[in-house]
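**Q** For reference, the file model.txt (compact mmCIF, C-alpha atoms) is included below:
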```
# COMPACT_ATOMS: atom_id res chain seq x y z
CA MET M 1 -34.54 13.50 -43.54
CA LYS M 2 -31.53 11.30 -43.00
CA SER M 3 -29.15 14.28 -42.85
CA SER M 4 -31.58 16.08 -40.54
CA SER M 5 -31.57 13.06 -38.25
CA TYR M 6 -27.78 13.10 -38.20
CA LEU M 7 -27.83 16.80 -37.38
CA LEU M 8 -30.34 16.20 -34.58
CA VAL M 9 -28.31 13.34 -33.14
CA GLY M 10 -25.15 15.37 -33.47
CA PHE M 11 -26.71 18.37 -31.75
CA SER M 12 -28.06 16.13 -28.96
CA ALA M 13 -24.62 14.61 -28.44
CA PHE M 14 -23.09 18.09 -28.37
CA LEU M 15 -25.69 19.26 -25.85
CA LEU M 16 -25.20 16.23 -23.62
CA GLY M 17 -21.44 16.64 -23.86
CA SER M 18 -21.74 20.29 -22.93
CA LEU M 19 -23.94 19.46 -19.94
CA PHE M 20 -21.50 16.78 -18.85
CA THR M 21 -18.62 19.24 -19.13
CA MET M 22 -20.55 21.82 -17.11
CA GLU M 23 -21.26 19.29 -14.38
CA THR M 24 -17.63 18.18 -14.33
CA GLN M 25 -16.43 21.76 -14.08
CA ALA M 26 -18.88 22.49 -11.28
CA ALA M 27 -17.65 19.45 -9.38
CA ASP M 28 -14.07 20.61 -9.85
CA LYS M 29 -14.88 24.13 -8.65
CA PRO M 30 -16.45 23.82 -5.20
CA HIS M 31 -17.76 26.78 -3.24
CA VAL M 32 -15.90 27.14 0.07
CA VAL M 33 -17.44 29.46 2.66
CA PHE M 34 -15.25 30.70 5.52
CA VAL M 35 -17.23 31.71 8.62
CA THR M 36 -15.09 34.03 10.75
CA GLY M 37 -15.57 35.92 14.01
CA ASP M 38 -13.43 34.88 16.98
CA ASP M 39 -12.09 38.20 18.33
CA GLU M 40 -8.87 36.61 19.53
CA TYR M 41 -6.91 34.70 16.88
CA ARG M 42 -7.47 37.01 13.91
CA SER M 43 -9.59 34.67 11.82
CA GLU M 44 -10.60 37.81 9.90
CA GLU M 45 -7.01 37.85 8.59
CA SER M 46 -5.98 34.18 8.34
CA MET M 47 -9.10 32.85 6.62
CA PRO M 48 -9.07 35.33 3.70
CA MET M 49 -5.39 34.43 3.26
CA LEU M 50 -6.31 30.74 2.84
CA ALA M 51 -9.25 31.66 0.60
CA LYS M 52 -6.93 33.57 -1.76
CA ILE M 53 -4.65 30.54 -2.09
CA LEU M 54 -7.59 28.25 -2.89
CA LYS M 55 -8.86 30.68 -5.52
CA ARG M 56 -5.42 31.11 -7.08
CA ASP M 57 -4.27 27.49 -7.14
CA TYR M 58 -7.54 25.59 -7.51
CA GLY M 59 -9.94 28.11 -9.00
CA PHE M 60 -12.40 27.53 -6.14
CA ASP M 61 -15.28 29.88 -5.53
CA VAL M 62 -14.64 31.39 -2.10
CA THR M 63 -16.72 33.48 0.27
CA VAL M 64 -15.64 34.92 3.61
CA CYS M 65 -18.31 35.89 6.15
CA TYR M 66 -17.40 38.44 8.84
CA SER M 67 -18.81 40.04 11.95
CA LEU M 68 -19.40 43.68 10.97
CA ASP M 69 -20.31 46.90 12.73
CA GLU M 70 -23.14 49.22 11.65
CA GLU M 71 -20.87 50.97 9.13
CA GLY M 72 -19.87 47.68 7.50
CA HIS M 73 -16.39 47.55 9.03
CA ILE M 74 -14.99 44.22 10.18
CA ALA M 75 -15.69 44.03 13.92
CA PRO M 76 -14.73 40.65 15.43
CA GLY M 77 -16.06 41.77 18.82
CA ASN M 78 -19.63 41.85 17.50
CA GLN M 79 -20.76 38.49 18.86
CA LYS M 80 -24.38 39.02 17.81
CA SER M 81 -23.96 38.91 14.04
CA ILE M 82 -22.05 37.33 11.15
CA SER M 83 -22.99 38.82 7.81
CA GLY M 84 -23.47 36.80 4.65
CA LEU M 85 -24.23 33.39 6.15
CA GLU M 86 -26.79 32.79 3.40
CA ALA M 87 -23.74 31.82 1.32
CA LEU M 88 -23.80 28.52 3.24
CA ASP M 89 -27.00 27.57 1.44
CA ASP M 90 -25.05 26.60 -1.69
CA ALA M 91 -21.66 25.90 -0.11
CA ASP M 92 -19.75 22.68 -0.72
CA LEU M 93 -17.58 23.21 2.36
CA MET M 94 -17.91 25.30 5.51
CA VAL M 95 -14.71 26.44 7.21
CA LEU M 96 -15.58 27.48 10.76
CA PHE M 97 -13.39 29.77 12.86
CA THR M 98 -15.64 31.56 15.34
CA ARG M 99 -15.66 32.03 19.10
CA PHE M 100 -18.61 32.50 21.47
CA ARG M 101 -21.03 33.78 18.81
CA ASP M 102 -24.63 34.43 19.96
CA LEU M 103 -26.33 34.62 16.58
CA PRO M 104 -29.96 35.56 15.85
CA PRO M 105 -32.20 32.79 14.44
CA GLU M 106 -32.37 34.40 10.98
CA GLN M 107 -28.59 33.97 10.69
CA PHE M 108 -28.10 30.73 12.59
CA LYS M 109 -30.68 28.95 10.41
CA HIS M 110 -28.15 28.93 7.55
CA PHE M 111 -25.59 27.16 9.74
CA LEU M 112 -28.22 24.63 10.86
CA LYS M 113 -29.32 23.99 7.29
CA TYR M 114 -25.74 23.34 6.29
CA VAL M 115 -24.94 20.80 9.03
CA LYS M 116 -28.27 19.04 8.46
CA SER M 117 -27.07 18.39 4.91
CA GLY M 118 -24.07 16.35 6.08
CA LYS M 119 -21.66 18.39 3.96
CA PRO M 120 -18.00 18.60 5.05
CA VAL M 121 -16.65 20.91 7.75
CA VAL M 122 -13.19 22.26 8.54
CA GLY M 123 -12.70 23.84 11.95
CA PHE M 124 -9.96 25.90 13.56
CA ARG M 125 -9.07 26.35 17.23
CA THR M 126 -11.95 28.25 18.87
CA ALA M 127 -14.54 26.41 16.79
CA THR M 128 -14.63 24.02 19.76
CA HIS M 129 -16.54 26.90 21.36
CA ALA M 130 -17.92 28.44 18.20
CA PHE M 131 -21.15 29.57 19.87
CA LEU M 132 -22.39 30.84 23.22
CA PHE M 133 -26.14 31.28 23.26
CA ARG M 134 -26.66 33.12 26.52
CA ASP M 135 -30.46 33.03 26.78
CA PRO M 136 -31.29 29.95 28.90
CA LYS M 137 -34.49 29.59 26.87
CA SER M 138 -32.65 29.55 23.54
CA PRO M 139 -33.42 26.46 21.45
CA TYR M 140 -29.74 26.47 20.50
CA GLN M 141 -28.30 26.00 24.00
CA GLU M 142 -26.87 22.55 23.16
CA TRP M 143 -24.69 24.19 20.51
CA ASN M 144 -22.74 25.79 23.35
CA ASP M 145 -21.08 22.44 24.09
CA LYS M 146 -22.75 19.08 23.32
CA LYS M 147 -23.67 19.59 19.68
CA ILE M 148 -20.51 21.45 18.71
CA ALA M 149 -18.47 18.59 20.20
CA GLU M 150 -20.48 16.08 18.17
CA LEU M 151 -19.81 18.12 15.04
CA VAL M 152 -16.12 19.08 15.30
CA GLY M 153 -14.82 16.61 17.89
CA GLN M 154 -14.67 18.51 21.18
CA LYS M 155 -16.09 21.41 23.19
CA TRP M 156 -14.13 24.04 25.11
CA ILE M 157 -12.42 22.57 28.21
CA THR M 158 -9.17 24.42 29.04
CA HIS M 159 -5.71 25.30 27.73
CA HIS M 160 -2.20 25.41 29.16
CA GLY M 161 -1.80 29.20 29.20
CA HIS M 162 -0.92 32.23 27.03
CA PHE M 163 2.47 33.34 28.45
CA GLY M 164 4.60 35.17 25.85
CA ASP M 165 1.77 35.50 23.37
CA GLY M 166 3.21 35.81 19.88
CA HIS M 167 6.76 36.15 21.20
CA GLU M 168 7.61 32.52 21.92
CA TYR M 169 6.60 29.07 20.80
CA LEU M 170 4.30 27.35 23.26
CA THR M 171 3.57 24.00 21.58
CA LYS M 172 5.83 21.45 19.86
CA VAL M 173 3.90 19.50 17.22
CA THR M 174 4.82 16.01 16.03
CA ILE M 175 3.25 13.58 13.56
CA ASN M 176 1.50 10.49 14.92
CA ASP M 177 3.19 7.32 13.64
CA ASP M 178 -0.10 5.64 12.77
CA ALA M 179 -1.21 8.68 10.74
CA LYS M 180 1.97 9.53 8.84
CA ASP M 181 0.55 8.27 5.54
CA HIS M 182 -2.69 10.25 5.79
CA PRO M 183 -3.25 12.57 2.77
CA ILE M 184 -3.67 15.58 5.06
CA LEU M 185 -0.09 15.16 6.27
CA ARG M 186 1.52 15.10 2.84
CA GLY M 187 4.45 17.49 2.93
CA VAL M 188 3.78 18.51 6.54
CA GLU M 189 6.84 18.46 8.81
CA PRO M 190 6.88 18.69 12.62
CA TYR M 191 6.64 22.33 13.67
CA LYS M 192 6.47 24.64 16.67
CA ALA M 193 3.37 26.72 17.26
CA TYR M 194 2.66 30.01 18.97
CA SER M 195 -0.69 28.47 19.90
CA TRP M 196 -0.83 27.44 23.53
CA LEU M 197 -1.98 23.84 23.80
CA TYR M 198 -5.71 23.15 24.05
CA HIS M 199 -6.73 20.21 26.22
CA VAL M 200 -9.15 18.01 24.26
CA GLU M 201 -8.49 14.44 25.41
CA GLY M 202 -7.22 12.26 28.25
CA GLY M 203 -6.18 13.01 31.77
CA SER M 204 -7.85 11.80 34.93
CA GLU M 205 -11.08 13.52 33.84
CA GLY M 206 -11.31 10.99 31.01
CA HIS M 207 -12.07 13.49 28.26
CA GLN M 208 -12.47 11.93 24.82
CA LEU M 209 -12.64 13.27 21.31
CA ALA M 210 -16.14 12.66 19.98
CA GLY M 211 -17.33 9.98 17.60
CA ASP M 212 -14.86 8.40 15.22
CA SER M 213 -12.18 11.08 15.68
CA GLN M 214 -8.71 10.01 14.52
CA PRO M 215 -5.80 12.15 15.80
CA LEU M 216 -3.15 13.08 13.24
CA LEU M 217 -0.79 15.36 15.18
CA THR M 218 0.19 15.59 18.84
CA GLY M 219 1.15 18.79 20.61
CA HIS M 220 3.49 19.00 23.61
CA SER M 221 3.07 22.08 25.81
CA LEU M 222 6.39 23.90 26.15
CA LYS M 223 5.12 26.08 28.99
CA SER M 224 2.12 25.06 31.05
CA GLY M 225 0.06 26.79 33.68
CA HIS M 226 -1.41 23.42 34.59
CA GLU M 227 2.07 22.05 35.19
CA MET M 228 2.83 25.02 37.46
CA LYS M 229 -0.37 24.31 39.40
CA GLY M 230 0.31 20.57 39.63
CA ASN M 231 -2.69 19.68 37.45
CA LEU M 232 -0.99 17.43 34.91
CA ASP M 233 -2.92 14.41 36.10
CA LYS M 234 -6.04 16.14 34.79
CA TYR M 235 -4.49 17.98 31.87
CA PRO M 236 -1.37 16.24 30.51
CA LEU M 237 1.31 18.05 28.54
CA ASP M 238 0.59 16.02 25.39
CA ASN M 239 -2.70 16.31 23.48
CA PRO M 240 -4.03 15.95 19.94
CA VAL M 241 -3.82 19.17 17.93
CA ALA M 242 -5.26 17.89 14.64
CA TRP M 243 -7.76 15.14 13.84
CA THR M 244 -10.31 13.88 11.34
CA LYS M 245 -13.80 12.57 11.98
CA THR M 246 -17.22 12.28 10.39
CA TYR M 247 -20.63 13.48 11.45
CA ALA M 248 -24.11 12.53 10.28
CA GLY M 249 -26.49 14.90 8.54
CA GLU M 250 -30.24 14.77 9.02
CA ASP M 251 -30.70 12.02 6.44
CA GLY M 252 -27.69 10.06 7.66
CA THR M 253 -25.26 11.49 5.08
CA LYS M 254 -21.74 11.30 6.51
CA GLY M 255 -19.73 14.49 6.23
CA ARG M 256 -15.96 14.61 6.58
CA VAL M 257 -14.48 16.89 9.26
CA PHE M 258 -10.93 18.14 9.68
CA PHE M 259 -9.96 20.12 12.78
CA THR M 260 -6.80 21.69 14.13
CA THR M 261 -6.21 23.71 17.29
CA THR M 262 -2.93 25.31 16.13
CA ALA M 263 -4.31 28.44 14.48
CA HIS M 264 -2.65 31.41 16.18
CA PRO M 265 -2.35 34.19 13.57
CA PHE M 266 1.44 33.85 13.60
CA ASP M 267 1.24 30.06 13.17
CA PHE M 268 -0.04 30.63 9.63
CA LYS M 269 3.26 32.29 8.75
CA ASP M 270 4.70 28.75 8.84
CA PRO M 271 4.16 26.98 5.47
CA ASN M 272 3.64 23.72 7.38
CA VAL M 273 0.55 25.15 9.06
CA ARG M 274 -0.79 26.57 5.79
CA LYS M 275 -0.12 23.25 4.05
CA LEU M 276 -1.90 21.37 6.84
CA ALA M 277 -4.93 23.64 6.51
CA LEU M 278 -5.06 23.44 2.71
CA ASN M 279 -4.56 19.65 2.69
CA GLY M 280 -7.36 19.40 5.27
CA ILE M 281 -9.69 21.45 3.10
CA LEU M 282 -8.99 19.31 0.03
CA TRP M 283 -9.40 16.06 1.98
CA SER M 284 -12.67 17.24 3.53
CA LEU M 285 -14.02 17.87 0.02
CA GLY M 286 -13.05 14.34 -1.00
CA MET M 287 -10.30 15.73 -3.23
CA GLU M 288 -7.33 13.93 -1.68
CA ASP M 289 -6.26 12.93 -5.19
CA LYS M 290 -5.54 16.64 -5.72
CA ILE M 291 -3.04 16.70 -2.82
CA PRO M 292 0.48 16.23 -4.25
CA THR M 293 3.04 14.03 -2.52
CA ALA M 294 4.68 17.20 -1.22
CA GLY M 295 1.33 18.59 -0.09
CA ALA M 296 -0.70 21.51 -1.36
CA LYS M 297 1.21 24.53 -2.61
CA ALA M 298 1.33 26.87 0.36
CA ASP M 299 2.92 29.99 -1.12
CA LEU M 300 1.11 33.12 0.03
CA ALA M 301 -1.17 34.84 -2.48
CA GLY M 302 -0.30 38.36 -1.39
CA GLU M 303 0.90 39.81 1.90
CA TYR M 304 0.07 38.22 5.23
CA ASN M 305 0.99 40.46 8.14
CA PRO M 306 -1.62 39.72 10.81
CA ASN M 307 -1.99 41.41 14.15
CA ASN M 308 -1.08 39.36 17.19
CA SER M 309 -3.84 37.54 19.05
CA GLY M 310 -5.91 39.27 21.69
CA THR M 311 -9.44 40.53 22.28
CA GLY M 312 -10.90 43.99 21.89
CA PRO M 313 -10.76 46.76 19.26
CA GLU M 314 -7.23 47.70 20.29
CA LYS M 315 -6.06 44.27 19.10
CA TYR M 316 -7.52 43.98 15.61
CA LYS M 317 -7.16 46.20 12.56
CA THR M 318 -9.97 48.75 12.73
CA GLY M 319 -11.58 50.59 9.84
CA GLN M 320 -11.27 47.55 7.55
CA LYS M 321 -14.05 46.54 5.20
CA PRO M 322 -14.37 43.16 3.47
CA GLN M 323 -12.32 43.12 0.28
CA LYS M 324 -13.09 41.26 -2.91
CA LEU M 325 -10.80 38.24 -3.08
```
Rewrite the structure from the file as structure tokens, please.

**A**
Amino acid sequence: MKSSSYLLVGFSAFLLGSLFTMETQAADKPHVVFVTGDDEYRSEESMPMLAKILKRDYGFDVTVCYSLDEEGHIAPGNQKSISGLEALDDADLMVLFTRFRDLPPEQFKHFLKYVKSGKPVVGFRTATHAFLFRDPKSPYQEWNDKKIAELVGQKWITHHGHFGDGHEYLTKVTINDDAKDHPILRGVEPYKAYSWLYHVEGGSEGHQLAGDSQPLLTGHSLKSGHEMKGNLDKYPLDNPVAWTKTYAGEDGTKGRVFFTTTAHPFDFKDPNVRKLALNGILWSLGMEDKIPTAGAKADLAGEYNPNNSGTGPEKYKTGQKPQKL
């Protein structure tokens, strides 16, 4: 009986140890879901690139959701659908890079369930105008501006102009002195971006980033349509291009948010921009202890040769189906 008791205790300890190990492994292997569909900045190319790095270097589970056509080809211009959003139901992080999506309730409910949970969010560029529900009777109308601003920090306002899209730098990015020690900026150096500067704060209109937003990087417009029109009092040449904030879920749970507006497809060729994005993802998950002093490893996991920005089927790669990462 005594030896049986020892065996039972030993087996129980082994079982508890195994369960603990399983829980630890699960915590170390979050599920990151990338929600794409912007039909301008090639999120269908840049987000899978980031997902591959996360899978390679951190062993994360990754899912990329796309707008598809009836044949299952990636079709960023399909504003009425994003396939696979049910993956958000067990996601640990949502990465949002959409533009003017008008989703049906059976798809949008997965997004709503996620943000009600208070789980973290990372957003890129056009996620300030992630949705555009056109029916004036839609119960989601506030997600066109007010609610998306509360979530990611700002709604769509204006930008300083395209100009030589993909052929010249349009924004000079510098690190804010009071943020230089933030974990997201580890290893990130000042850079120039092909992204034309988004206006999100300041000016005579008094625009403000929402909630507890804390700017990390400032962009200076190198060529500005607003300057040419004499509108710099409303839309100054300097504006935040990356920030952190929190938002509250339905039960008051505070979720971390990281957002950057420099996400032109060619910007991601710069390791500084990839490092910024990867650091932001890790920080949002509460894994800043995993960010090395030199920042996350930003080496590409395969080729990254995106199309230039632009809308319409002549601008994106047609005939492409989602690939297993």

**Q** Using all atoms listed in the file, tabulate the residues of range 201-308 of chain M lying at most 12 Å from any atom of range 30-33 of chain M, each with its closest atom pair and that distance in Å to one decimal, by chain and increasing residue number, as a tab-separated table.

**A**
```
residue	atom	partner	partner_atom	distance
M:Leu278	CA	M:Val32	CA	11.8
M:Ile281	CA	M:Val32	CA	9.0
M:Leu282	CA	M:Pro30	CA	10.2
M:Ser284	CA	M:Val32	CA	11.0
M:Leu285	CA	M:Pro30	CA	8.3
M:Gly286	CA	M:Pro30	CA	10.9
M:Met287	CA	M:Pro30	CA	10.4
```

**Q** If I take CA of Gly84 in chain M and CA of Phe131 in chain M, how far is one from the other in Å, to one decimal?

**A**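 Separation of CA of Gly84 in chain M and CA of Phe131 in chain M: 17.0 Å.
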
**Q** Excluding range 255-260 of chain M and its own-chain neighbours fewer than 6 positions away, which residues fall within 7 Å of it when counting all atoms listed in the file? Please give them as a ChimeraX atom specification.

**A** /M:118-125,152,241-248,280,284

**Q** For CA of Gly37 in chain M and CA of Thr262 in chain M, determine how far apart the two atoms are, in Å to one decimal place.

**A**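 Interatomic distance, CA of Gly37 in chain M to CA of Thr262 in chain M: 16.6 Å.
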
**Q** Quick one: what's the axis-aligned box for range 242-252 of chain M, all listed atoms, 5 Å on every side, centre and edges in Å to one decimal, as AutoDock Vina command-line options?

**A**
```
--center_x -18.0 --center_y 14.0 --center_z 10.5 --size_x 35.4 --size_y 17.8 --size_z 18.2
```

**Q** Would you list the contacts of Asp89 in chain M as JSON, numbers by chain, taking every protein, DNA or RNA residue within 7 Å and counting all atoms listed in the file, but skipping same-chain residues closer than 3 positions in sequence?

**A** {"M": [86, 110, 114]}

**Q** What is the CA of Gly225 in chain M to CA of Thr311 in chain M distance in Å?

**A** 20.2 Å

**Q** Which is closer to Phe100 in chain M than all the others in M:Asp61, M:Asp39, M:Asp165, M:Glu314, using all atoms listed in the file?

**A**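 Closest candidate: M:Asp39.
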